[in-house]
>>> print(open('target.txt').read())   # compact mmCIF, C-alpha atoms
# COMPACT_ATOMS: atom_id res chain seq x y z
CA MET T 1 88.48 125.53 88.87
CA GLN T 2 87.40 121.93 88.86
CA ARG T 3 89.22 119.13 87.13
CA ARG T 4 86.93 117.96 84.31
CA ILE T 5 86.26 114.39 85.22
CA ARG T 6 83.27 112.39 84.16
CA THR T 7 81.90 109.67 86.38
CA ALA T 8 79.99 106.44 85.92
CA VAL T 9 76.32 106.18 86.81
CA LEU T 10 75.39 105.70 90.46
CA ALA T 11 74.34 102.27 91.70
CA ALA T 12 70.73 101.71 92.73
CA ALA T 13 69.86 102.68 96.29
CA SER T 14 68.94 99.16 97.26
CA LEU T 15 72.37 97.93 96.29
CA LEU T 16 73.98 100.77 98.19
CA LEU T 17 72.21 99.88 101.38
CA ALA T 18 73.11 96.24 100.92
CA ALA T 19 76.76 97.26 100.91
CA GLY T 20 76.39 97.33 104.68
CA CYS T 21 78.20 100.25 106.30
CA SER T 22 77.22 98.69 109.62
CA SER T 23 77.47 95.01 108.78
CA GLY T 24 78.97 92.56 111.22
CA GLY T 25 82.42 91.06 110.95
CA THR T 26 84.04 87.66 111.16
CA ALA T 27 86.83 86.18 113.21
CA PRO T 28 89.94 88.38 113.14
CA ARG T 29 93.16 87.70 111.26
CA GLY T 30 96.47 87.97 113.02
CA GLY T 31 95.04 87.95 116.52
CA GLY T 32 92.42 90.18 118.08
CA THR T 33 89.40 89.38 120.19
CA SER T 34 85.69 90.14 120.13
CA ASP T 35 86.59 93.42 121.83
CA GLY T 36 89.66 94.35 119.84
CA PRO T 37 91.24 94.71 116.42
CA ALA T 38 92.93 92.22 114.19
CA HIS T 39 96.41 93.54 114.87
CA SER T 40 98.04 93.48 111.47
CA GLY T 41 100.73 96.11 111.81
CA ALA T 42 102.32 95.82 115.25
CA ALA T 43 106.05 95.75 115.74
CA SER T 44 107.45 92.26 115.30
CA PRO T 45 108.38 90.21 118.38
CA GLY T 46 111.67 91.42 119.79
CA ALA T 47 111.48 94.78 118.04
CA THR T 48 112.60 97.68 120.19
CA PRO T 49 110.67 100.95 119.89
CA SER T 50 112.78 104.08 119.57
CA SER T 51 113.30 106.39 122.54
CA THR T 52 110.76 108.81 121.07
CA ALA T 53 108.00 106.23 120.65
CA PRO T 54 104.92 106.54 122.88
CA PRO T 55 104.26 103.91 125.57
CA ALA T 56 102.29 100.81 124.69
CA LYS T 57 99.45 101.86 126.99
CA GLY T 58 97.89 105.29 127.04
CA SER T 59 95.13 107.07 128.88
CA VAL T 60 92.03 109.15 128.19
CA LYS T 61 90.30 111.49 130.62
CA VAL T 62 87.15 113.45 129.78
CA THR T 63 87.80 116.83 131.36
CA ALA T 64 84.70 118.74 130.19
CA THR T 65 81.61 118.72 128.04
CA LEU T 66 82.07 121.83 125.93
CA VAL T 67 78.62 122.00 124.32
CA THR T 68 75.44 119.94 124.04
CA GLY T 69 72.38 119.93 121.80
CA LEU T 70 74.15 119.88 118.44
CA LYS T 71 72.17 118.56 115.46
CA THR T 72 73.99 116.02 113.24
CA PRO T 73 77.48 117.49 113.78
CA TRP T 74 80.01 116.25 111.22
CA GLY T 75 83.04 118.41 110.42
CA VAL T 76 85.11 120.53 112.81
CA ALA T 77 87.70 123.19 112.00
CA VAL T 78 89.80 125.01 114.60
CA LEU T 79 90.05 128.77 114.24
CA PRO T 80 93.12 130.79 115.19
CA GLY T 81 92.63 131.34 118.90
CA GLY T 82 91.09 127.92 119.45
CA ASP T 83 87.34 128.32 118.84
CA LEU T 84 85.66 125.63 116.75
CA LEU T 85 83.59 125.77 113.60
CA VAL T 86 81.15 122.85 113.42
CA SER T 87 79.12 121.74 110.42
CA SER T 88 75.66 120.17 110.66
CA ARG T 89 75.17 117.46 108.04
CA ASP T 90 71.38 117.64 107.84
CA THR T 91 70.68 121.35 108.42
CA GLY T 92 73.52 122.67 106.24
CA LYS T 93 74.49 125.17 108.96
CA ILE T 94 77.88 126.08 110.41
CA VAL T 95 78.15 127.24 114.01
CA ARG T 96 81.03 128.68 115.99
CA VAL T 97 81.63 127.17 119.42
CA SER T 98 83.68 129.05 121.99
CA ALA T 99 86.51 126.87 123.28
CA LYS T 100 86.28 128.69 126.62
CA ASN T 101 82.60 128.36 127.51
CA GLY T 102 80.84 126.47 124.71
CA ARG T 103 78.77 129.48 123.62
CA THR T 104 77.47 128.93 120.08
CA THR T 105 77.00 131.45 117.31
CA GLU T 106 75.43 130.56 113.97
CA LEU T 107 77.46 131.66 110.96
CA GLY T 108 74.77 130.72 108.47
CA SER T 109 73.71 128.00 106.05
CA VAL T 110 75.71 126.77 103.07
CA PRO T 111 73.58 127.28 99.93
CA GLY T 112 72.92 124.22 97.78
CA VAL T 113 73.28 121.54 100.45
CA ASP T 114 70.97 118.62 99.67
CA PRO T 115 71.02 116.26 102.68
CA GLY T 116 70.00 112.64 102.36
CA GLY T 117 71.38 109.32 103.56
CA GLU T 118 75.03 109.93 104.42
CA GLY T 119 75.17 113.12 102.36
CA GLY T 120 74.78 116.76 103.36
CA LEU T 121 77.16 119.34 104.78
CA LEU T 122 80.21 117.26 105.70
CA GLY T 123 83.81 118.33 106.25
CA ILE T 124 84.98 121.88 106.81
CA ALA T 125 88.41 123.52 106.98
CA VAL T 126 89.82 127.00 107.43
CA SER T 127 92.33 128.48 105.02
CA PRO T 128 95.99 128.28 106.07
CA THR T 129 96.00 132.06 105.53
CA PHE T 130 92.75 132.61 107.42
CA GLY T 131 94.16 135.63 109.24
CA THR T 132 94.17 137.58 105.99
CA ASP T 133 91.55 135.93 103.75
CA HIS T 134 88.97 134.67 106.34
CA LEU T 135 88.05 131.74 104.09
CA VAL T 136 86.12 128.69 105.27
CA TYR T 137 86.07 125.61 103.02
CA ALA T 138 83.19 123.11 102.98
CA TYR T 139 82.62 119.71 101.36
CA PHE T 140 78.94 119.08 100.74
CA THR T 141 76.36 117.11 98.80
CA THR T 142 74.13 118.88 96.28
CA ALA T 143 71.24 117.57 94.18
CA SER T 144 73.73 116.39 91.56
CA ASP T 145 77.14 115.76 93.14
CA ASN T 146 79.53 116.31 96.01
CA ARG T 147 81.64 119.44 95.78
CA ILE T 148 83.98 121.77 97.64
CA ALA T 149 83.32 125.49 98.01
CA ARG T 150 84.84 128.31 100.01
CA MET T 151 83.15 131.26 101.69
CA VAL T 152 84.35 134.42 103.37
CA TYR T 153 83.53 134.42 107.09
CA ASP T 154 82.78 137.86 108.53
CA ALA T 155 82.29 137.63 112.29
CA LYS T 156 81.26 141.30 112.42
CA ARG T 157 78.03 140.62 110.55
CA PRO T 158 74.84 139.55 112.40
CA PRO T 159 74.67 135.89 113.49
CA GLY T 160 73.17 133.73 110.78
CA ASN T 161 74.42 136.07 108.07
CA GLN T 162 78.20 135.78 108.47
CA LEU T 163 79.00 133.62 105.42
CA GLY T 164 79.62 135.13 102.00
CA ALA T 165 78.42 133.57 98.75
CA PRO T 166 80.05 130.20 98.08
CA ASP T 167 82.81 130.02 95.48
CA THR T 168 82.88 126.44 94.13
CA ILE T 169 86.47 125.32 93.61
CA PHE T 170 85.84 121.66 92.76
CA LYS T 171 82.73 119.74 91.73
CA GLY T 172 81.68 116.52 90.07
CA ILE T 173 82.47 114.10 92.90
CA PRO T 174 79.83 111.34 92.61
CA LYS T 175 77.12 111.33 95.29
CA GLY T 176 75.13 108.46 96.74
CA GLU T 177 72.93 107.46 99.64
CA ILE T 178 76.15 106.13 101.18
CA HIS T 179 79.90 106.59 100.74
CA ASN T 180 80.13 110.31 100.08
CA GLY T 181 83.47 110.64 101.86
CA GLY T 182 83.63 114.25 102.97
CA ARG T 183 86.66 114.86 105.17
CA ILE T 184 88.81 117.82 104.08
CA ALA T 185 91.96 119.26 105.63
CA PHE T 186 94.89 121.45 104.72
CA GLY T 187 98.17 119.57 104.94
CA PRO T 188 101.59 120.75 106.15
CA ASP T 189 102.25 121.71 102.50
CA ARG T 190 99.24 124.08 102.61
CA MET T 191 97.48 122.06 99.94
CA LEU T 192 93.86 120.97 100.39
CA TYR T 193 93.22 117.24 100.77
CA ALA T 194 89.80 115.61 100.41
CA GLY T 195 88.76 112.05 101.21
CA THR T 196 86.03 110.75 98.91
CA GLY T 197 83.85 107.64 98.75
CA GLU T 198 82.89 105.53 95.76
CA SER T 199 79.19 106.40 96.28
CA GLY T 200 78.26 102.70 96.29
CA ASP T 201 79.65 102.12 92.78
CA SER T 202 82.75 100.14 93.74
CA GLY T 203 84.29 100.22 90.28
CA LEU T 204 84.88 103.96 90.53
CA ALA T 205 87.55 103.40 93.19
CA GLN T 206 89.88 101.88 90.56
CA ASP T 207 89.02 104.40 87.82
CA LYS T 208 91.68 107.10 88.02
CA ARG T 209 89.55 109.34 85.77
CA SER T 210 86.94 109.57 88.54
CA PRO T 211 87.43 111.51 91.79
CA ALA T 212 85.39 108.88 93.67
CA GLY T 213 87.07 106.45 96.06
CA LYS T 214 90.21 108.57 96.25
CA ILE T 215 92.19 111.03 98.28
CA LEU T 216 92.39 114.27 96.29
CA ARG T 217 95.13 116.89 96.63
CA MET T 218 94.59 120.35 95.22
CA THR T 219 95.64 123.96 95.59
CA PRO T 220 93.42 126.28 97.65
CA ASP T 221 91.89 127.30 94.29
CA GLY T 222 90.95 123.70 93.41
CA GLU T 223 93.68 123.08 90.83
CA PRO T 224 95.91 119.97 90.70
CA ALA T 225 98.75 120.52 93.16
CA HIS T 226 102.38 120.45 92.07
CA GLY T 227 103.91 117.05 92.79
CA ASN T 228 100.73 115.02 92.31
CA PRO T 229 101.23 111.62 90.61
CA GLU T 230 99.72 113.03 87.40
CA ALA T 231 100.36 116.70 86.70
CA ASP T 232 96.87 117.42 85.36
CA SER T 233 94.94 115.51 88.03
CA VAL T 234 93.92 116.13 91.63
CA VAL T 235 93.96 112.36 92.31
CA TYR T 236 96.59 111.66 94.97
CA ASP T 237 95.90 107.95 95.47
CA TYR T 238 93.08 105.51 94.70
CA GLY T 239 91.37 102.24 95.58
CA HIS T 240 89.34 103.45 98.59
CA ARG T 241 85.82 102.49 99.61
CA ASN T 242 84.99 105.47 101.82
CA VAL T 243 87.69 107.68 103.32
CA GLN T 244 86.45 109.25 106.55
CA GLY T 245 89.47 110.59 108.41
CA LEU T 246 92.68 112.47 107.49
CA ALA T 247 95.57 113.39 109.79
CA TRP T 248 99.31 114.07 109.59
CA ASP T 249 101.82 112.82 112.14
CA SER T 250 104.89 114.65 113.48
CA GLY T 251 106.86 113.45 110.44
CA LYS T 252 104.29 115.05 108.09
CA ARG T 253 103.09 111.62 106.95
CA LEU T 254 99.43 111.37 105.92
CA TRP T 255 97.14 108.79 107.55
CA ALA T 256 93.56 107.94 106.59
CA SER T 257 90.75 105.89 108.10
CA GLU T 258 88.41 103.93 105.87
CA PHE T 259 85.07 102.14 106.16
CA GLY T 260 85.17 98.48 105.26
CA GLN T 261 82.20 96.59 103.87
CA HIS T 262 81.30 93.49 105.89
CA THR T 263 84.60 92.53 107.46
CA TRP T 264 87.57 94.89 107.71
CA ASP T 265 87.90 98.59 108.51
CA GLU T 266 91.30 100.14 107.87
CA LEU T 267 93.89 102.66 109.02
CA ASN T 268 96.19 103.43 106.09
CA LEU T 269 99.49 105.22 105.68
CA ILE T 270 98.98 107.22 102.48
CA GLU T 271 101.57 107.31 99.72
CA PRO T 272 101.03 109.23 96.47
CA GLY T 273 100.03 107.22 93.44
CA ARG T 274 99.46 103.98 95.34
CA ASN T 275 96.47 101.66 95.06
CA TYR T 276 94.71 100.74 98.31
CA GLY T 277 92.86 97.81 96.82
CA TRP T 278 89.11 98.38 96.95
CA PRO T 279 87.06 96.57 95.68
CA GLU T 280 89.58 93.76 95.02
CA ALA T 281 90.80 93.79 98.62
CA GLU T 282 89.10 94.63 101.91
CA GLY T 283 91.69 94.81 104.65
CA ARG T 284 94.93 93.00 103.85
CA ALA T 285 95.19 91.70 100.31
CA GLU T 286 95.08 87.91 100.24
CA GLY T 287 94.71 85.19 97.64
CA LYS T 288 94.76 86.49 94.06
CA ALA T 289 94.85 90.09 95.30
CA ALA T 290 98.04 89.54 97.32
CA GLY T 291 100.32 89.93 94.30
CA SER T 292 98.56 92.94 92.80
CA GLY T 293 100.67 95.64 94.40
CA PHE T 294 97.91 96.89 96.72
CA VAL T 295 98.98 98.75 99.85
CA ASN T 296 97.99 96.85 102.98
CA PRO T 297 96.50 98.75 105.93
CA VAL T 298 98.72 99.45 108.91
CA GLU T 299 95.87 98.29 111.15
CA GLU T 300 92.52 96.65 110.51
CA TRP T 301 89.42 96.13 112.63
CA ARG T 302 86.24 94.16 112.34
CA THR T 303 83.43 96.51 111.37
CA ALA T 304 81.52 95.92 114.61
CA ASP T 305 84.50 97.23 116.57
CA ALA T 306 85.16 100.35 114.54
CA SER T 307 83.35 101.69 111.46
CA PRO T 308 85.81 104.56 111.72
CA SER T 309 85.25 108.23 111.11
CA GLY T 310 87.59 111.11 111.98
CA ILE T 311 91.19 110.70 113.13
CA ALA T 312 93.72 112.97 114.84
CA TYR T 313 97.37 112.75 115.83
CA ALA T 314 98.48 113.56 119.38
CA LYS T 315 101.07 112.30 121.87
CA GLY T 316 102.70 110.02 119.32
CA SER T 317 99.47 108.18 118.49
CA ILE T 318 96.65 108.21 115.96
CA TRP T 319 93.27 108.61 117.70
CA MET T 320 90.35 107.21 115.72
CA ALA T 321 86.67 107.92 116.38
CA SER T 322 84.36 104.96 115.75
CA LEU T 323 80.69 105.08 114.82
CA ARG T 324 79.30 101.57 115.05
CA GLY T 325 82.11 100.60 117.45
CA GLU T 326 81.18 103.49 119.79
CA ARG T 327 84.72 103.87 121.07
CA LEU T 328 87.90 105.88 120.62
CA TRP T 329 90.90 103.89 119.40
CA ARG T 330 94.51 104.77 120.20
CA ILE T 331 97.16 103.50 117.77
CA PRO T 332 100.66 104.25 119.18
CA LEU T 333 103.26 104.74 116.46
CA ASP T 334 107.01 104.56 116.17
CA GLY T 335 107.41 106.26 112.82
CA THR T 336 105.24 104.23 110.46
CA ARG T 337 104.91 101.17 112.71
CA PRO T 338 102.55 100.55 115.61
CA VAL T 339 104.47 99.86 118.82
CA ALA T 340 101.60 97.91 120.38
CA ALA T 341 98.08 96.70 119.71
CA PRO T 342 95.45 99.45 119.44
CA GLN T 343 93.76 100.36 122.70
CA ALA T 344 90.05 101.22 123.02
CA PHE T 345 88.58 103.90 125.28
CA LEU T 346 85.07 105.15 126.12
CA LYS T 347 83.42 102.02 124.77
CA GLY T 348 79.68 102.69 124.64
CA THR T 349 79.95 105.61 127.07
CA TYR T 350 78.95 108.36 124.63
CA GLY T 351 77.52 106.35 121.73
CA ARG T 352 78.64 106.91 118.16
CA LEU T 353 81.78 109.02 117.75
CA ARG T 354 82.13 111.08 114.56
CA THR T 355 85.06 113.48 114.70
CA VAL T 356 88.22 113.89 116.76
CA VAL T 357 90.44 116.95 116.50
CA ALA T 358 93.82 117.71 118.05
CA ALA T 359 93.88 120.88 120.13
CA GLY T 360 97.55 121.02 121.04
CA GLY T 361 99.60 119.09 123.57
CA GLY T 362 97.57 116.24 124.97
CA THR T 363 94.14 117.77 124.33
CA LEU T 364 91.54 116.46 121.90
CA TRP T 365 88.03 117.55 120.94
CA LEU T 366 85.69 114.58 120.45
CA VAL T 367 82.30 114.92 118.70
CA THR T 368 79.45 112.43 119.14
CA SER T 369 77.08 111.40 116.33
CA ASN T 370 73.89 110.02 117.86
CA THR T 371 71.44 112.25 115.95
CA ASP T 372 72.54 110.98 112.54
CA GLY T 373 69.66 108.52 112.16
CA ARG T 374 71.71 105.47 113.12
CA GLY T 375 72.31 106.21 116.76
CA THR T 376 70.13 106.37 119.85
CA PRO T 377 70.13 110.00 121.01
CA ARG T 378 70.50 110.63 124.72
CA LYS T 379 69.63 113.75 126.64
CA GLY T 380 72.04 116.47 125.52
CA ASP T 381 73.11 114.82 122.26
CA ASP T 382 75.00 115.61 120.26
CA ARG T 383 77.93 117.00 122.22
CA ILE T 384 81.59 117.97 122.05
CA LEU T 385 83.89 116.61 124.77
CA ARG T 386 87.30 117.87 125.82
CA LEU T 387 89.77 115.05 126.42
CA THR T 388 93.22 114.88 127.97
CA VAL T 389 95.18 111.98 126.49
CA SER T 390 98.54 110.32 126.78
>>> encode(input="target.txt", output="C-alpha cells")
Amino acid sequence: MQRRIRTAVLAAASLLLAAGCSSGGTAPRGGGTSDGPAHSGAASPGATPSSTAPPAKGSVKVTATLVTGLKTPWGVAVLPGGDLLVSSRDTGKIVRVSAKNGRTTELGSVPGVDPGGEGGLLGIAVSPTFGTDHLVYAYFTTASDNRIARMVYDAKRPPGNQLGAPDTIFKGIPKGEIHNGGRIAFGPDRMLYAGTGESGDSGLAQDKRSPAGKILRMTPDGEPAHGNPEADSVVYDYGHRNVQGLAWDSGKRLWASEFGQHTWDELNLIEPGRNYGWPEAEGRAEGKAAGSGFVNPVEEWRTADASPSGIAYAKGSIWMASLRGERLWRIPLDGTRPVAAPQAFLKGTYGRLRTVVAAGGGTLWLVTSNTDGRGTPRKGDDRILRLTVS
C-alpha cells in the first residue's frame, strides 16, 4: 500500500532540460585533473590503510561479451542460479539472459509503462524469497507518476507471457522528462530501497512530505519499514538531485551515486534521516551551505568525467558506471574512507555505461547504454560485458 504523499507541480520541460544532466564542469576542488575526479574523500597523508583494505591500484579485464543487440537496457536483477533479468526503458519489456551463453528469453511487457525522456521501465529487483514467491519488482514511469509494482514470474509459461498482472505497492513518485531516479534493490535487511529523482523540481528534494529526491525504504509490500527515521514514512534520507545507483559494502553500509547539475557528481555514504544538500549544495557544501548540516559526498567528480549511473561493490571497492564519462570508476575503500584516488577504466571503449552488477568474487556484469538517445550506437549495441576485477 502506498504512503499517501502529495507532490508539488512539475517544472516546465524547458527548465528541466536546462538543468543539464550532461553539462560540462569546472576546475576540480581538492585536486583532480581533466581526466580524473576531484578527490574529496581520500585517506589523509600518512594514514595507513588496514590490512583488509584493497590495494590503491586495481585492474579490469573484459573476459566476454555475454549478449548484444539489447534495446535501451536499464535495470538488471540476478536470479538464483546466476541468469540475469534485464529491463528495457523504452519498450517496457523484461528479458532473461542466460549467464552461460547469453541466450535471451522475453518474459513480457510491464503494463502501464509510459516512456519519454529519461522515464520508462527503469530498475528491477527480485524478491529475497524468490525461490518461493517468484516475484519480480519493477520501478517505472506511467502517464501520471513513477511507481513500483511486483509481478509473479512463471518461466513455464510461453515466452512473452511469463509475467503476471502487476500489483502496485507504491505510487505517487513525481515524474519528469528528467530525474526520475529508478534504481531499486533489496538490502541486507530484506527491505526494498528505491532511489528517486526530484523530476526537475529541485524544491521537492528538501520536502520530506514528497518521495522525490530521496532514498525510500519500504517493506516488500510497500509499507514504511521498521526503523525508518519517521515511523509512518518510507523516506530514508533526503536532499538528492537524482539517485542512480545503490549498493551495500561488506559492512552492510549503503552507498549511492548521484547526478550533479553543472559541476559535481557524487558518491555518497547513506545514513538514515540525513540531508544530502540538494539544491543548496552540489558536491561538498561550501559558503553559506557549509554550516547547514548537509552530508558531504565521499567522492565527487566533474560531470564530464562521470554522470554516474549504477554502482556495485566487489573486491573491497565501489565500481561506478558512468554515462557521459563513458568509463568505469573504481573507488577502493577502507571501511568508509577511500584508500586512494578513484581509478578509471574502459574510457570511451564501450561508450555510455548504465548498470554494473556484482556476480560474486571478482566478477561484474557491465551494461552499456548507447541506444538511449544520448549515445552513438555501435554495431552490436547495447551489450552486457563480463568483467574480472581486482
>>> closest_residue(input="target.txt", among="T:Thr65, T:Gly200, T:Thr303, T:Thr129", to="Asn101 (chain T)", atoms="all atoms listed in the file")
T:Thr65
>>> residues_around(input="target.txt", residues="region 172-186 of chain T", least_positions_apart="6", cutoff="6 Å", atoms="all atoms listed in the file", output="PyMOL selection string")
chain T and resi 117-118+122-123+125+139+145-146+192-199+211+242-244
>>> atom_distance(input="target.txt", atom1="CA of Arg324 (chain T)", atom2="CA of Leu385 (chain T)")
18.5 Å
>>> closest_residue(input="target.txt", among="T:Gly112, T:Ser88, T:Val97, T:Val295", to="Ile124 (chain T)", atoms="only C-alpha atoms")
T:Ser88
>>> closest_residue(input="target.txt", among="T:Arg330, T:Arg89, T:Lys100, T:His226", to="Gly58 (chain T)", atoms="only C-alpha atoms")
T:Arg330
>>> closest_residue(input="target.txt", among="T:Asp381, T:Thr368, T:Thr363, T:Gly335", to="Ser51 (chain T)", atoms="all atoms listed in the file")
T:Gly335
>>> closest_residue(input="target.txt", among="T:Trp319, T:Trp278, T:Trp74, T:Phe345", to="Ala358 (chain T)", atoms="all atoms listed in the file")
T:Trp319
>>> residues_near_point(input="target.txt", point="(82.1, 135.2, 114.4)", cutoff="12 Å", atoms="all atoms listed in the file", output="PDB file with C-alpha atoms, in the coordinates of the input")
ATOM      1  CA  LEU T  79      90.050 128.770 114.240  1.00  0.00           C
ATOM      2  CA  PRO T  80      93.120 130.790 115.190  1.00  0.00           C
ATOM      3  CA  ASP T  83      87.340 128.320 118.840  1.00  0.00           C
ATOM      4  CA  LEU T  84      85.660 125.630 116.750  1.00  0.00           C
ATOM      5  CA  LEU T  85      83.590 125.770 113.600  1.00  0.00           C
ATOM      6  CA  ILE T  94      77.880 126.080 110.410  1.00  0.00           C
ATOM      7  CA  VAL T  95      78.150 127.240 114.010  1.00  0.00           C
ATOM      8  CA  ARG T  96      81.030 128.680 115.990  1.00  0.00           C
ATOM      9  CA  VAL T  97      81.630 127.170 119.420  1.00  0.00           C
ATOM     10  CA  SER T  98      83.680 129.050 121.990  1.00  0.00           C
ATOM     11  CA  ARG T 103      78.770 129.480 123.620  1.00  0.00           C
ATOM     12  CA  THR T 104      77.470 128.930 120.080  1.00  0.00           C
ATOM     13  CA  THR T 105      77.000 131.450 117.310  1.00  0.00           C
ATOM     14  CA  GLU T 106      75.430 130.560 113.970  1.00  0.00           C
ATOM     15  CA  LEU T 107      77.460 131.660 110.960  1.00  0.00           C
ATOM     16  CA  GLY T 108      74.770 130.720 108.470  1.00  0.00           C
ATOM     17  CA  HIS T 134      88.970 134.670 106.340  1.00  0.00           C
ATOM     18  CA  VAL T 136      86.120 128.690 105.270  1.00  0.00           C
ATOM     19  CA  VAL T 152      84.350 134.420 103.370  1.00  0.00           C
ATOM     20  CA  TYR T 153      83.530 134.420 107.090  1.00  0.00           C
ATOM     21  CA  ASP T 154      82.780 137.860 108.530  1.00  0.00           C
ATOM     22  CA  ALA T 155      82.290 137.630 112.290  1.00  0.00           C
ATOM     23  CA  LYS T 156      81.260 141.300 112.420  1.00  0.00           C
ATOM     24  CA  ARG T 157      78.030 140.620 110.550  1.00  0.00           C
ATOM     25  CA  PRO T 158      74.840 139.550 112.400  1.00  0.00           C
ATOM     26  CA  PRO T 159      74.670 135.890 113.490  1.00  0.00           C
ATOM     27  CA  GLY T 160      73.170 133.730 110.780  1.00  0.00           C
ATOM     28  CA  ASN T 161      74.420 136.070 108.070  1.00  0.00           C
ATOM     29  CA  GLN T 162      78.200 135.780 108.470  1.00  0.00           C
ATOM     30  CA  LEU T 163      79.000 133.620 105.420  1.00  0.00           C
TER      31      LEU T 163
END
>>> closest_residue(input="target.txt", among="T:Trp329, T:Tyr137, T:Tyr350, T:Trp264", to="Ala304 (chain T)", atoms="only C-alpha atoms")
T:Trp264
>>> atom_distance(input="target.txt", atom1="CA of Pro220 (chain T)", atom2="CA of Ser233 (chain T)")
14.5 Å
>>> atom_distance(input="target.txt", atom1="CA of Glu282 (chain T)", atom2="CA of Ala312 (chain T)")
22.9 Å
>>> residues_around(input="target.txt", residues="Arg217 (chain T)", least_positions_apart="3", cutoff="12 Å", atoms="all atoms listed in the file", output="VMD selection string")
chain T and resid 3 170 184 to 187 189 to 196 211 214 220 to 238 246 254 270 to 273
>>> residues_near_point(input="target.txt", point="(88.1, 103.5, 91.9)", cutoff="10 Å", atoms="only C-alpha atoms", output="count of residues only")
26
